[in-house]
Structure formats: structure tokens, C-alpha cells
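Reviewing the structure listed below.
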Amino acid sequence: MWVILSAKILLKFDKLLKIEFEMKSLLEIEASIKQLPISDARKLAGWLNEYLDDDWDRQMKADIAAGKLDHLIAKVKSDIKVNPVRDLDEVLDNT
């Protein structure tokens, strides 16, 4: 007989089951990838990189919209006012 002591314990149990399931799925995915021909694995790696890049872009846009980067943007603008800034091409041409 199961007795629910609290919603918190049930939630923790649910998370443990989810983590265990996800780890099993991940291990199965990894095993499947190892069976792919290298050309397909490279295509998958390219797709995964693009997926992660798109996620990074979405997160950056959300952080900017939420004002999370305002302090960094203000610092950059302040540094530009104080220090001379040159175009990267100009710097590279002088090396």
C-alpha cells in the first residue's frame, strides 16, 4: 500500500523517475550514434551544432530583451567613450 506523505515527496520521486528515464534514453541514443557510419555521425554533429547555436541565439535575444545584459552594454559604451576604438581590420593590417 502506497501512502503519499506530501506533494513534495511525490514531486521528488517523479523527478527521480524522469531523470532515470532520460539517462536511459541518452545512453540508448549514444549507443545508436556509435553504430552510425562516420559520415552520418558528422551530419548529426552538424545538425546538433546548428540546433545548439539556434538555442544560444534565442537565449541571448531573451536575455537582451529582459535587460540581463544592460550592465555589460553600458560598460562597453563607457569603455568606447574613454578609450580610442579602432576597426578590427585596421588592427589586423598593422600586425
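In the C-alpha cells, each chain is lettered A, B, ... as it comes, each chain's residues begin at 1, and ligands are numbered from 1 in order of appearance.
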Exercise. Can you list, as a ChimeraX atom specification, every protein, DNA or RNA residue that comes within 12 Å of range 43-56 of chain A when you count only C-alpha atoms, leaving out same-chain residues fewer than 6 positions away?
Worked result: /A:29-30,32-34,36-37,62-63
